[in-house]
Amino acid sequence: MSTHPSEGFAANAPVLEVALDTPLHRLFDYRLPTELGTVQPGSLVEVPFGRTRQVGVALGPAAGSTVDAAKLRDVIRVLDDRPALSPDILRLAQFCADYYHYPLGAILLATLPPRLRNTAAFVADAPWLVITEAGRQAQPSARARAQRILLDTLRETPLIRQTLREQKQGRHATALVNAGWARWSPTLPAQADFQQTASAPSATAEQQTALDAMLPSLGRFGVHLLLGVTGSGKTELYLRLIDAVLARGKQTLVLIPEIALTPQLEQHFRRRFPGRRIATLHSGLSEKDRAENWLAAPDCDVLLGTRLSVFAPLPQLGLIVVDEEHDASFKQQDSLRYSARDVAVTRAKQRDVPVVLGSATPSLESYAHALAGRYQLIELKQRAVSQARLPSIELVDLKHIPLDNGLTRPVLQALGETLARGEQSLVFLNRRGYAPALYCPSCGWVSPCPSCSARLVLHRTTRRLKCHHCGLETPIPAACPDCGNPDLKPLGQGTQRLEETLSALLPSARIRRIDRDTMRPRAWAELGAAVHGGEIDILVGTQMLAKGHDFPNMTLALILDTDGALYSPDFRATERLFAQLMQVSGRAGRADKPGRVLIQTAFPEHPLFRYLQRHDYSGYARALLTERRQLDLPPFTRQVLLRAEAPTMDAALAFLLRAAALAPERADVSVFAATPAPMARVANLERAQLLIQSTRRLALQAFVREWRPQLDSVRPRVARWSLDVDPLVF
Ligand code: ADP
Ligand code: ZN
Ligand code: ZN
């Protein structure tokens, strides 16, 4: 199968090869009626499939179709309300199909926003609100305050419809359009004379060195690993690189891990690049906005988005930035299990443009590439604001200091002192809910989920028990279901309970909890304003807290419970924990006030803390890499995981055993024993897995290429199986 990316084909080509969203690893042949004219490769077409109609991607003339010509069905129509997928996207999807062993059609259709994947016509609104000449001269009356503010913003930058919706400005936008002061535009005219609102600070010496290293190579492929401590000005560096890319008339794709961070970053970019077209793409958008922004992407200057935007159409691509490149959210955990970071590197290579991977704690995969000289290592070791120093990190030894409701005396004391100084604190606990379980002291019942090997989490605010794995929710039982004891107790600490405890202990403190239960994506801007405005003394939250916020008055970070990860069977647990702790620590003392970090742990002698206290990412990364090399673990080996889910564990394991028996014989590829997954049961399905490993990437690829087609024939069948290439979670 190939995608024939370059050659067009004639209107009278009898048979057209079409990629469809099916689980089958094959393309489908259709007759192209002559009246449909020429079809460019990548065009979206509507075809009959079984008894339904589907949208497919036309790839090219089928060379030697094996289907009996009389049985071929006709292409119904070409969907010309949406652009054809460009040759480079076809090529990137082909790479993903080969590398992840996933059907090309399913990948191609998944690159499209949902609205463009179905046959209903899509009519895009003009997405940009642009000021008119009359608007530039206009002086709205003082009473129309909201309109005046919006008009002022439009003087600096055009706004995309979705941003206006998010900020609930739709009404005012309509008023401005009706007054003739603004208009909707499908694309933007070339950069208008917008005024610069945020000027660039002059680069620090380190930033300048980094720029000098990167700027000369802007025109060609290269991977730059930007290792910069939190607050070292990585974002500022991206902005300067983007500036240079804009000057060449090229586009930049910026991949970020969290939807939550887009509005903040978008604002920052808009102020810095007035008049430039900045578009966003993430799953938090409505389907309509997603389709519109995707359609606008080819005309934008900067596309800011989460992992799915790595497949966005960008004809003038000149640079890709992956911010927080180590973040696990770049890896999709279902269907096409791709790593957007790795696909970004491939896309950059195919397009011959540079890619910048930025992080304070890069993945060991990327760091190993840098040490081996395959990636260019660029370091920022100091914080950009000259007075800002890295925080001091202290350990509170739980072997000697007792816990009371999850908190120790030194931690409470530090909170009290910070509060008294009028400064802000952050308390990090990576467990949402009130308590991780509900417990019966008389018989030992611990709120099991009936469908998963997990406990139901107690959520007191909504008065429910919830499974964080399968989503099951039940009311809190009045008595123990096993023994009838009415006196059930919460077991352990979640963020809700912590918030309650802190409110009781520090009644004067203004406390705000942040986790997935409290945060809608749009609440971030409001939260940021509240922290900056000094309306919050203590932020309590999960890892959502850790990412990318810059709060100058935040001087204390408390980390309550991390010990589970220190001795976890997951070999990546310490790498992830270190990254998380560096990130949380990075929230403390970002401006002129020194920061302090306290970590409660029963294992203060663990080497991770030694490196953490010295803010020594490189040291810890090297130590971990040495260990990984000795144990033959990634990045020194490559892995593929075959996962199977079945109603019984026996069935899941039997499938894997049979699959292992079909494995090609190769001396350079190891097939391990099938085992139950660490989280063995989710939503009433038992899960097992089979690990395949090799030191040679190509050997592993060849092995799976030969093996995968045989898996379709394995009997007895299981409910579901999948291949995970470069798996991150087991
Ligand atoms: P990072 O992304 O590495 O965590 P940021 O780019 O957010 O760091 O920068 C941290 C802080 O330092 C921000 O407040 C930013 O405005 C400031 N900053 C960055 N570069 C400079 C510079 N060259 N001069 C002055 N301040 C800077
Ligand atoms: Zn009981
Ligand atoms: Zn469950």
# chains A, B, ... in the order shown; residues from 1 in each chain; ligands from 1
call {"tool": "residues_around", "arguments": {"residues": "stretch 712-728 of chain A", "least_positions_apart": "2", "cutoff": "7 Å", "atoms": "only C-alpha atoms", "output": "MDAnalysis selection string"}}
result
chainID A and resid 100 337 638:646 651:652 655 658:659 709:710 730
call {"tool": "write_last_selection", "arguments": {"atoms": "all heavy atoms", "output": "compact mmCIF listing (two decimals), in the first residue's frame"}}
result
# COMPACT_ATOMS: atom_id res chain seq x y z
N TYR A 100 3.23 2.78 13.98
CA TYR A 100 2.34 2.35 15.06
C TYR A 100 1.50 1.14 14.67
O TYR A 100 0.67 0.69 15.45
CB TYR A 100 1.46 3.52 15.53
CG TYR A 100 2.27 4.62 16.17
CD1 TYR A 100 2.47 5.85 15.54
CD2 TYR A 100 2.86 4.43 17.42
CE1 TYR A 100 3.24 6.85 16.13
CE2 TYR A 100 3.63 5.42 18.01
CZ TYR A 100 3.81 6.63 17.37
OH TYR A 100 4.57 7.60 17.95
N ARG A 337 -2.22 4.98 19.34
CA ARG A 337 -1.45 5.30 20.55
C ARG A 337 -0.15 6.00 20.15
O ARG A 337 0.94 5.44 20.31
CB ARG A 337 -1.18 4.04 21.35
CG ARG A 337 -2.46 3.42 21.90
CD ARG A 337 -2.21 2.03 22.43
NE ARG A 337 -3.43 1.43 22.95
CZ ARG A 337 -3.78 1.44 24.23
NH1 ARG A 337 -3.01 2.02 25.11
NH2 ARG A 337 -4.91 0.89 24.62
N ARG A 638 13.82 -0.75 22.81
CA ARG A 638 12.53 -0.30 22.33
C ARG A 638 11.50 -1.34 22.73
O ARG A 638 11.80 -2.53 22.73
CB ARG A 638 12.55 -0.16 20.81
CG ARG A 638 13.50 0.89 20.34
CD ARG A 638 13.08 2.24 20.86
NE ARG A 638 13.83 3.31 20.24
CZ ARG A 638 13.27 4.27 19.54
NH1 ARG A 638 11.96 4.31 19.36
NH2 ARG A 638 14.01 5.22 19.01
N GLN A 639 10.30 -0.88 23.05
CA GLN A 639 9.28 -1.82 23.48
C GLN A 639 8.00 -1.69 22.66
O GLN A 639 7.66 -0.61 22.17
CB GLN A 639 8.94 -1.56 24.95
CG GLN A 639 10.12 -1.75 25.87
CD GLN A 639 9.76 -1.55 27.33
OE1 GLN A 639 8.90 -0.73 27.67
NE2 GLN A 639 10.40 -2.31 28.20
N VAL A 640 7.31 -2.80 22.56
CA VAL A 640 5.95 -2.82 22.03
C VAL A 640 5.14 -3.68 22.98
O VAL A 640 5.62 -4.72 23.43
CB VAL A 640 5.89 -3.41 20.61
CG1 VAL A 640 4.44 -3.58 20.15
CG2 VAL A 640 6.64 -2.53 19.62
N LEU A 641 3.96 -3.23 23.31
CA LEU A 641 3.12 -3.98 24.23
C LEU A 641 1.88 -4.45 23.48
O LEU A 641 1.20 -3.65 22.83
CB LEU A 641 2.72 -3.05 25.38
CG LEU A 641 2.29 -3.69 26.69
CD1 LEU A 641 3.41 -4.50 27.30
CD2 LEU A 641 1.86 -2.59 27.66
N LEU A 642 1.62 -5.74 23.56
CA LEU A 642 0.35 -6.25 23.03
C LEU A 642 -0.60 -6.35 24.21
O LEU A 642 -0.32 -7.05 25.19
CB LEU A 642 0.54 -7.63 22.37
CG LEU A 642 -0.74 -8.33 21.90
CD1 LEU A 642 -1.47 -7.53 20.83
CD2 LEU A 642 -0.44 -9.74 21.39
N ARG A 643 -1.70 -5.60 24.14
CA ARG A 643 -2.67 -5.61 25.23
C ARG A 643 -3.90 -6.40 24.81
O ARG A 643 -4.33 -6.29 23.66
CB ARG A 643 -3.13 -4.20 25.56
CG ARG A 643 -2.02 -3.23 25.89
CD ARG A 643 -2.63 -1.81 25.92
NE ARG A 643 -1.62 -0.79 26.13
CZ ARG A 643 -1.19 -0.42 27.33
NH1 ARG A 643 -1.69 -0.97 28.41
NH2 ARG A 643 -0.27 0.52 27.43
N ALA A 644 -4.45 -7.14 25.74
CA ALA A 644 -5.69 -7.86 25.46
C ALA A 644 -6.67 -7.67 26.61
O ALA A 644 -6.26 -7.62 27.78
CB ALA A 644 -5.39 -9.35 25.27
N GLU A 645 -7.93 -7.53 26.27
CA GLU A 645 -8.98 -7.40 27.29
C GLU A 645 -10.04 -8.45 27.03
O GLU A 645 -10.49 -8.61 25.89
CB GLU A 645 -9.61 -6.01 27.24
CG GLU A 645 -8.64 -4.91 27.56
CD GLU A 645 -9.28 -3.53 27.42
OE1 GLU A 645 -10.50 -3.41 27.64
OE2 GLU A 645 -8.54 -2.60 27.05
N ALA A 646 -10.46 -9.15 28.07
CA ALA A 646 -11.45 -10.22 27.90
C ALA A 646 -12.28 -10.32 29.18
O ALA A 646 -11.86 -9.83 30.23
CB ALA A 646 -10.75 -11.54 27.61
N ALA A 651 -9.03 -16.03 29.58
CA ALA A 651 -9.22 -15.79 28.15
C ALA A 651 -8.20 -14.79 27.63
O ALA A 651 -7.63 -14.97 26.54
CB ALA A 651 -10.64 -15.30 27.88
N ALA A 652 -7.96 -13.73 28.40
CA ALA A 652 -6.99 -12.71 27.98
C ALA A 652 -5.60 -13.33 27.86
O ALA A 652 -4.88 -13.09 26.88
CB ALA A 652 -7.00 -11.54 28.96
N PHE A 655 -5.25 -15.76 24.85
CA PHE A 655 -5.05 -15.02 23.60
C PHE A 655 -3.58 -14.65 23.43
O PHE A 655 -2.98 -14.86 22.37
CB PHE A 655 -5.93 -13.77 23.60
CG PHE A 655 -5.68 -12.87 22.42
CD1 PHE A 655 -6.37 -13.06 21.23
CD2 PHE A 655 -4.76 -11.84 22.49
CE1 PHE A 655 -6.13 -12.24 20.14
CE2 PHE A 655 -4.51 -11.01 21.41
CZ PHE A 655 -5.21 -11.21 20.23
N ARG A 658 -1.27 -17.63 22.69
CA ARG A 658 -1.41 -18.04 21.31
C ARG A 658 -0.67 -17.04 20.40
O ARG A 658 0.02 -17.42 19.46
CB ARG A 658 -2.91 -18.07 20.99
CG ARG A 658 -3.29 -18.61 19.67
CD ARG A 658 -3.30 -20.14 19.64
NE ARG A 658 -3.22 -20.55 18.24
CZ ARG A 658 -2.14 -21.01 17.64
NH1 ARG A 658 -1.03 -21.20 18.32
NH2 ARG A 658 -2.15 -21.31 16.36
N ALA A 659 -0.83 -15.76 20.70
CA ALA A 659 -0.14 -14.72 19.92
C ALA A 659 1.37 -14.90 20.02
O ALA A 659 2.08 -14.80 19.01
CB ALA A 659 -0.54 -13.34 20.43
N PRO A 709 -0.32 -9.11 11.23
CA PRO A 709 -1.40 -9.68 10.42
C PRO A 709 -1.88 -11.03 10.97
O PRO A 709 -3.04 -11.39 10.81
CB PRO A 709 -0.75 -9.85 9.05
CG PRO A 709 0.39 -8.89 9.03
CD PRO A 709 0.88 -8.82 10.43
N GLN A 710 -0.98 -11.75 11.65
CA GLN A 710 -1.37 -13.05 12.17
C GLN A 710 -2.28 -12.93 13.39
O GLN A 710 -3.00 -13.86 13.73
CB GLN A 710 -0.12 -13.83 12.58
CG GLN A 710 0.90 -13.86 11.46
CD GLN A 710 1.84 -15.01 11.66
OE1 GLN A 710 1.42 -16.14 11.87
NE2 GLN A 710 3.12 -14.71 11.62
N PHE A 730 1.87 0.88 31.73
CA PHE A 730 1.73 -0.56 31.54
C PHE A 730 0.47 -1.08 32.20
O PHE A 730 -0.17 -0.38 32.94
CB PHE A 730 2.97 -1.27 32.08
CG PHE A 730 4.16 -1.05 31.20
CD1 PHE A 730 4.89 0.11 31.28
CD2 PHE A 730 4.49 -1.98 30.23
CE1 PHE A 730 5.97 0.34 30.44
CE2 PHE A 730 5.55 -1.77 29.39
CZ PHE A 730 6.31 -0.61 29.49
call {"tool": "closest_atom_pairs", "arguments": {"of": "chain A", "to": "ligand 3", "cutoff": "12 Å", "atoms": "only C-alpha atoms and all ligand atoms", "output": "tab-separated table"}}
result
residue	atom	partner	partner_atom_place_in_ligand_line	distance
A:Ser447	CA	ligand 3	1 (Zn)	10.9
A:Pro448	CA	ligand 3	1 (Zn)	8.4
A:Cys449	CA	ligand 3	1 (Zn)	4.9
A:Pro450	CA	ligand 3	1 (Zn)	6.6
A:Ser451	CA	ligand 3	1 (Zn)	4.9
A:Cys452	CA	ligand 3	1 (Zn)	4.3
A:Ser453	CA	ligand 3	1 (Zn)	7.3
A:Ala454	CA	ligand 3	1 (Zn)	6.4
A:Arg455	CA	ligand 3	1 (Zn)	7.7
A:Leu456	CA	ligand 3	1 (Zn)	7.2
A:Val457	CA	ligand 3	1 (Zn)	10.0
A:Leu465	CA	ligand 3	1 (Zn)	10.5
A:Lys466	CA	ligand 3	1 (Zn)	7.9
A:Cys467	CA	ligand 3	1 (Zn)	4.5
A:His468	CA	ligand 3	1 (Zn)	6.6
A:His469	CA	ligand 3	1 (Zn)	5.0
A:Cys470	CA	ligand 3	1 (Zn)	4.0
A:Gly471	CA	ligand 3	1 (Zn)	6.1
A:Leu472	CA	ligand 3	1 (Zn)	5.6
A:Glu473	CA	ligand 3	1 (Zn)	8.7
A:Thr474	CA	ligand 3	1 (Zn)	11.0
A:Met679	CA	ligand 3	1 (Zn)	10.8
A:Ala680	CA	ligand 3	1 (Zn)	11.3
A:Arg681	CA	ligand 3	1 (Zn)	8.3
A:Val682	CA	ligand 3	1 (Zn)	5.9
A:Ala683	CA	ligand 3	1 (Zn)	5.5
A:Asn684	CA	ligand 3	1 (Zn)	7.9
A:Leu685	CA	ligand 3	1 (Zn)	10.2
A:Glu686	CA	ligand 3	1 (Zn)	11.9
call {"tool": "residues_near_ligand", "arguments": {"ligand": "ligand 1", "cutoff": "6 Å", "atoms": "only C-alpha atoms and all ligand atoms", "output": "VMD selection string"}}
result
chain A and resid 201 to 204 228 230 to 236 384 to 385
call {"tool": "residues_around", "arguments": {"residues": "A:Thr555", "least_positions_apart": "6", "cutoff": "10 Å", "atoms": "only C-alpha atoms", "output": "list in words"}}
result
Pro391, Thr418, Glu423, Gln424, Ser425, Leu426, Ser585, Arg587, Ala588, Gly589, Arg590, Ala591, Asp592, Lys593, Pro594, Gly595, Arg596 and Val597 of chain A
call {"tool": "write_last_selection", "arguments": {"atoms": "all heavy atoms", "output": "short mmCIF file (atom, residue, chain, number, x, y, z; two decimals), in the first residue's frame"}}
result
data_model
loop_
_atom_site.label_atom_id
_atom_site.label_comp_id
_atom_site.auth_asym_id
_atom_site.auth_seq_id
_atom_site.Cartn_x
_atom_site.Cartn_y
_atom_site.Cartn_z
N PRO A 391 14.26 27.68 44.64
CA PRO A 391 13.86 27.56 46.03
C PRO A 391 14.71 26.54 46.79
O PRO A 391 15.34 25.68 46.19
CB PRO A 391 12.42 27.04 45.92
CG PRO A 391 12.38 26.31 44.63
CD PRO A 391 13.31 27.04 43.72
N THR A 418 3.91 31.77 56.29
CA THR A 418 3.73 32.36 54.96
C THR A 418 2.47 33.22 54.93
O THR A 418 2.45 34.33 54.38
CB THR A 418 3.63 31.25 53.90
OG1 THR A 418 4.73 30.37 54.08
CG2 THR A 418 3.65 31.82 52.50
N GLU A 423 2.03 36.18 52.08
CA GLU A 423 2.44 35.53 50.85
C GLU A 423 1.59 34.28 50.61
O GLU A 423 0.82 33.87 51.47
CB GLU A 423 3.94 35.19 50.92
CG GLU A 423 4.79 36.45 51.00
CD GLU A 423 6.25 36.19 51.31
OE1 GLU A 423 6.65 35.01 51.41
OE2 GLU A 423 6.98 37.17 51.48
N GLN A 424 1.77 33.72 49.43
CA GLN A 424 0.88 32.62 49.04
C GLN A 424 1.59 31.27 49.08
O GLN A 424 2.80 31.19 48.92
CB GLN A 424 0.36 32.88 47.62
CG GLN A 424 -0.51 34.12 47.56
CD GLN A 424 -0.79 34.57 46.14
OE1 GLN A 424 0.11 34.58 45.29
NE2 GLN A 424 -2.03 34.94 45.87
N SER A 425 0.78 30.23 49.31
CA SER A 425 1.31 28.87 49.38
C SER A 425 0.57 27.96 48.43
O SER A 425 -0.57 28.21 48.07
CB SER A 425 1.15 28.28 50.79
OG SER A 425 1.63 29.16 51.75
N LEU A 426 1.24 26.88 48.14
CA LEU A 426 0.65 25.87 47.29
C LEU A 426 0.81 24.52 47.99
O LEU A 426 1.88 24.22 48.50
CB LEU A 426 1.43 25.91 45.99
CG LEU A 426 1.16 24.99 44.85
CD1 LEU A 426 1.70 25.67 43.62
CD2 LEU A 426 1.89 23.70 45.04
N SER A 585 8.04 22.46 42.63
CA SER A 585 9.02 23.33 43.29
C SER A 585 9.20 24.61 42.51
O SER A 585 9.39 25.68 43.08
CB SER A 585 10.38 22.63 43.38
OG SER A 585 10.25 21.37 43.96
N ARG A 587 7.13 26.33 41.14
CA ARG A 587 6.07 27.32 41.39
C ARG A 587 6.45 28.25 42.52
O ARG A 587 5.80 29.27 42.74
CB ARG A 587 4.74 26.65 41.75
CG ARG A 587 4.14 25.74 40.71
CD ARG A 587 3.97 26.43 39.39
NE ARG A 587 4.72 25.72 38.39
CZ ARG A 587 5.35 26.27 37.37
NH1 ARG A 587 5.31 27.55 37.19
NH2 ARG A 587 6.02 25.54 36.52
N ALA A 588 7.43 27.87 43.34
CA ALA A 588 7.74 28.66 44.53
C ALA A 588 8.86 29.64 44.25
O ALA A 588 9.91 29.27 43.73
CB ALA A 588 8.12 27.75 45.69
N GLY A 589 8.63 30.91 44.60
CA GLY A 589 9.69 31.91 44.52
C GLY A 589 10.08 32.26 43.11
O GLY A 589 11.24 32.17 42.75
N ARG A 590 9.13 32.64 42.31
CA ARG A 590 9.45 32.94 40.92
C ARG A 590 9.93 34.38 40.74
O ARG A 590 10.57 34.69 39.77
CB ARG A 590 8.24 32.69 40.02
CG ARG A 590 7.71 31.29 40.15
CD ARG A 590 7.98 30.41 38.97
NE ARG A 590 7.51 30.89 37.70
CZ ARG A 590 7.79 30.25 36.57
NH1 ARG A 590 8.53 29.17 36.58
NH2 ARG A 590 7.33 30.71 35.44
N ALA A 591 9.58 35.27 41.65
CA ALA A 591 9.99 36.66 41.44
C ALA A 591 11.12 37.03 42.40
O ALA A 591 12.10 36.32 42.52
CB ALA A 591 8.80 37.59 41.59
N ASP A 592 10.95 38.13 43.11
CA ASP A 592 12.07 38.60 43.93
C ASP A 592 12.09 37.98 45.32
O ASP A 592 13.01 38.20 46.09
CB ASP A 592 12.00 40.12 44.03
CG ASP A 592 10.62 40.58 44.47
OD1 ASP A 592 9.67 39.75 44.42
OD2 ASP A 592 10.49 41.74 44.87
N LYS A 593 11.07 37.19 45.66
CA LYS A 593 11.04 36.60 47.00
C LYS A 593 11.54 35.17 46.95
O LYS A 593 11.17 34.41 46.06
CB LYS A 593 9.61 36.61 47.54
CG LYS A 593 9.11 38.02 47.76
CD LYS A 593 7.67 38.03 48.23
CE LYS A 593 7.19 39.46 48.35
NZ LYS A 593 5.78 39.59 47.97
N PRO A 594 12.39 34.78 47.91
CA PRO A 594 12.92 33.42 47.88
C PRO A 594 11.82 32.40 48.14
O PRO A 594 10.91 32.64 48.91
CB PRO A 594 13.96 33.41 49.01
CG PRO A 594 13.58 34.54 49.90
CD PRO A 594 12.89 35.56 49.05
N GLY A 595 11.93 31.27 47.52
CA GLY A 595 10.92 30.24 47.69
C GLY A 595 11.40 29.12 48.59
O GLY A 595 12.61 28.92 48.79
N ARG A 596 10.42 28.39 49.13
CA ARG A 596 10.75 27.29 50.03
C ARG A 596 9.84 26.12 49.69
O ARG A 596 8.65 26.30 49.43
CB ARG A 596 10.49 27.78 51.46
CG ARG A 596 10.96 26.83 52.51
CD ARG A 596 10.76 27.47 53.89
NE ARG A 596 11.05 26.43 54.87
CZ ARG A 596 10.51 26.40 56.07
NH1 ARG A 596 9.66 27.34 56.45
NH2 ARG A 596 10.82 25.42 56.91
N VAL A 597 10.41 24.94 49.68
CA VAL A 597 9.64 23.75 49.36
C VAL A 597 9.82 22.74 50.49
O VAL A 597 10.94 22.50 50.94
CB VAL A 597 10.13 23.10 48.04
CG1 VAL A 597 9.32 21.85 47.72
CG2 VAL A 597 10.03 24.10 46.89
#
call {"tool": "residues_near_ligand", "arguments": {"ligand": "ligand 2", "cutoff": "9 Å", "atoms": "only C-alpha atoms and all ligand atoms", "output": "tab-separated table (two decimals) with all heavy atoms, in the first residue's frame"}}
result
chain	number	residue	atom	x	y	z
A	439	TYR	N	-14.10	3.20	54.46
A	439	TYR	CA	-13.57	2.03	55.15
A	439	TYR	C	-14.49	1.64	56.29
A	439	TYR	O	-15.06	2.51	56.97
A	439	TYR	CB	-12.17	2.42	55.64
A	439	TYR	CG	-11.56	1.57	56.71
A	439	TYR	CD1	-11.12	0.28	56.43
A	439	TYR	CD2	-11.37	2.07	58.00
A	439	TYR	CE1	-10.52	-0.49	57.41
A	439	TYR	CE2	-10.77	1.31	58.98
A	439	TYR	CZ	-10.35	0.02	58.69
A	439	TYR	OH	-9.75	-0.72	59.66
A	440	CYS	N	-14.67	0.33	56.49
A	440	CYS	CA	-15.46	-0.15	57.62
A	440	CYS	C	-14.52	-0.68	58.69
A	440	CYS	O	-13.89	-1.72	58.49
A	440	CYS	CB	-16.43	-1.24	57.17
A	440	CYS	SG	-17.23	-2.06	58.58
A	441	PRO	N	-14.41	0.00	59.83
A	441	PRO	CA	-13.47	-0.42	60.88
A	441	PRO	C	-13.86	-1.77	61.48
A	441	PRO	O	-13.02	-2.46	62.03
A	441	PRO	CB	-13.56	0.68	61.94
A	441	PRO	CG	-14.29	1.80	61.30
A	441	PRO	CD	-15.13	1.23	60.21
A	442	SER	N	-15.13	-2.17	61.38
A	442	SER	CA	-15.49	-3.40	62.07
A	442	SER	C	-15.20	-4.65	61.22
A	442	SER	O	-14.84	-5.68	61.76
A	442	SER	CB	-16.94	-3.33	62.57
A	442	SER	OG	-17.81	-3.86	61.62
A	443	CYS	N	-15.35	-4.59	59.89
A	443	CYS	CA	-15.07	-5.82	59.11
A	443	CYS	C	-13.97	-5.64	58.07
A	443	CYS	O	-13.54	-6.60	57.44
A	443	CYS	CB	-16.34	-6.33	58.43
A	443	CYS	SG	-16.78	-5.41	56.94
A	444	GLY	N	-13.49	-4.42	57.87
A	444	GLY	CA	-12.37	-4.24	56.93
A	444	GLY	C	-12.79	-4.02	55.48
A	444	GLY	O	-11.95	-3.96	54.60
A	445	TRP	N	-14.07	-3.84	55.21
A	445	TRP	CA	-14.56	-3.52	53.86
A	445	TRP	C	-13.94	-2.19	53.42
A	445	TRP	O	-13.87	-1.24	54.21
A	445	TRP	CB	-16.09	-3.43	53.93
A	445	TRP	CG	-16.77	-3.00	52.66
A	445	TRP	CD1	-17.16	-3.78	51.63
A	445	TRP	CD2	-17.18	-1.66	52.33
A	445	TRP	NE1	-17.77	-3.03	50.67
A	445	TRP	CE2	-17.80	-1.71	51.07
A	445	TRP	CE3	-17.07	-0.41	52.97
A	445	TRP	CZ2	-18.31	-0.59	50.43
A	445	TRP	CZ3	-17.57	0.71	52.35
A	445	TRP	CH2	-18.20	0.62	51.08
A	446	VAL	N	-13.43	-2.12	52.18
A	446	VAL	CA	-12.79	-0.88	51.70
A	446	VAL	C	-13.34	-0.48	50.33
A	446	VAL	O	-12.64	-0.54	49.33
A	446	VAL	CB	-11.25	-1.00	51.63
A	446	VAL	CG1	-10.61	0.39	51.52
A	446	VAL	CG2	-10.68	-1.70	52.84
A	479	ALA	N	-24.65	2.32	55.54
A	479	ALA	CA	-24.00	1.35	56.42
A	479	ALA	C	-23.14	0.43	55.57
A	479	ALA	O	-23.28	0.38	54.35
A	479	ALA	CB	-25.06	0.53	57.16
A	480	CYS	N	-22.23	-0.29	56.23
A	480	CYS	CA	-21.35	-1.21	55.51
A	480	CYS	C	-22.17	-2.28	54.79
A	480	CYS	O	-22.98	-2.96	55.42
A	480	CYS	CB	-20.38	-1.86	56.49
A	480	CYS	SG	-19.42	-3.17	55.72
A	481	PRO	N	-21.99	-2.45	53.49
A	481	PRO	CA	-22.78	-3.44	52.75
A	481	PRO	C	-22.46	-4.87	53.20
A	481	PRO	O	-23.27	-5.77	52.99
A	481	PRO	CB	-22.35	-3.25	51.29
A	481	PRO	CG	-21.36	-2.14	51.27
A	481	PRO	CD	-21.06	-1.71	52.65
A	482	ASP	N	-21.31	-5.08	53.84
A	482	ASP	CA	-20.95	-6.44	54.25
A	482	ASP	C	-21.46	-6.78	55.65
A	482	ASP	O	-21.98	-7.86	55.88
A	482	ASP	CB	-19.42	-6.62	54.22
A	482	ASP	CG	-18.94	-6.92	52.81
A	482	ASP	OD1	-19.77	-6.86	51.89
A	482	ASP	OD2	-17.74	-7.19	52.64
A	483	CYS	N	-21.31	-5.86	56.62
A	483	CYS	CA	-21.64	-6.23	57.99
A	483	CYS	C	-22.71	-5.32	58.60
A	483	CYS	O	-23.13	-5.54	59.73
A	483	CYS	CB	-20.39	-6.24	58.86
A	483	CYS	SG	-19.79	-4.59	59.28
A	484	GLY	N	-23.13	-4.29	57.89
A	484	GLY	CA	-24.21	-3.46	58.41
A	484	GLY	C	-23.76	-2.37	59.37
A	484	GLY	O	-24.56	-1.55	59.82
A	485	ASN	N	-22.48	-2.30	59.68
A	485	ASN	CA	-21.96	-1.26	60.57
A	485	ASN	C	-22.24	0.13	59.98
A	485	ASN	O	-21.80	0.43	58.88
A	485	ASN	CB	-20.45	-1.49	60.75
A	485	ASN	CG	-19.77	-0.34	61.47
A	485	ASN	OD1	-20.41	0.45	62.16
A	485	ASN	ND2	-18.46	-0.24	61.28
A	486	PRO	N	-22.97	0.99	60.71
A	486	PRO	CA	-23.31	2.31	60.15
A	486	PRO	C	-22.16	3.31	60.26
A	486	PRO	O	-22.25	4.40	59.71
A	486	PRO	CB	-24.50	2.75	61.01
A	486	PRO	CG	-24.30	2.05	62.31
A	486	PRO	CD	-23.56	0.77	62.04
A	487	ASP	N	-21.08	2.95	60.95
A	487	ASP	CA	-20.03	3.93	61.23
A	487	ASP	C	-18.86	3.77	60.25
A	487	ASP	O	-17.79	3.30	60.61
A	487	ASP	CB	-19.56	3.76	62.68
A	487	ASP	CG	-18.68	4.93	63.10
A	487	ASP	OD1	-18.75	6.00	62.46
A	487	ASP	OD2	-17.90	4.75	64.05
A	488	LEU	N	-19.07	4.19	58.98
A	488	LEU	CA	-18.01	4.07	57.97
A	488	LEU	C	-17.10	5.29	58.04
A	488	LEU	O	-17.54	6.40	58.31
A	488	LEU	CB	-18.64	3.94	56.58
A	488	LEU	CG	-19.49	2.69	56.38
A	488	LEU	CD1	-20.18	2.72	55.02
A	488	LEU	CD2	-18.66	1.43	56.53
call {"tool": "closest_residue", "arguments": {"among": "A:Pro475, A:Pro298, A:Pro113, A:Gly541", "to": "A:Arg512", "atoms": "only C-alpha atoms"}}
result
A:Gly541
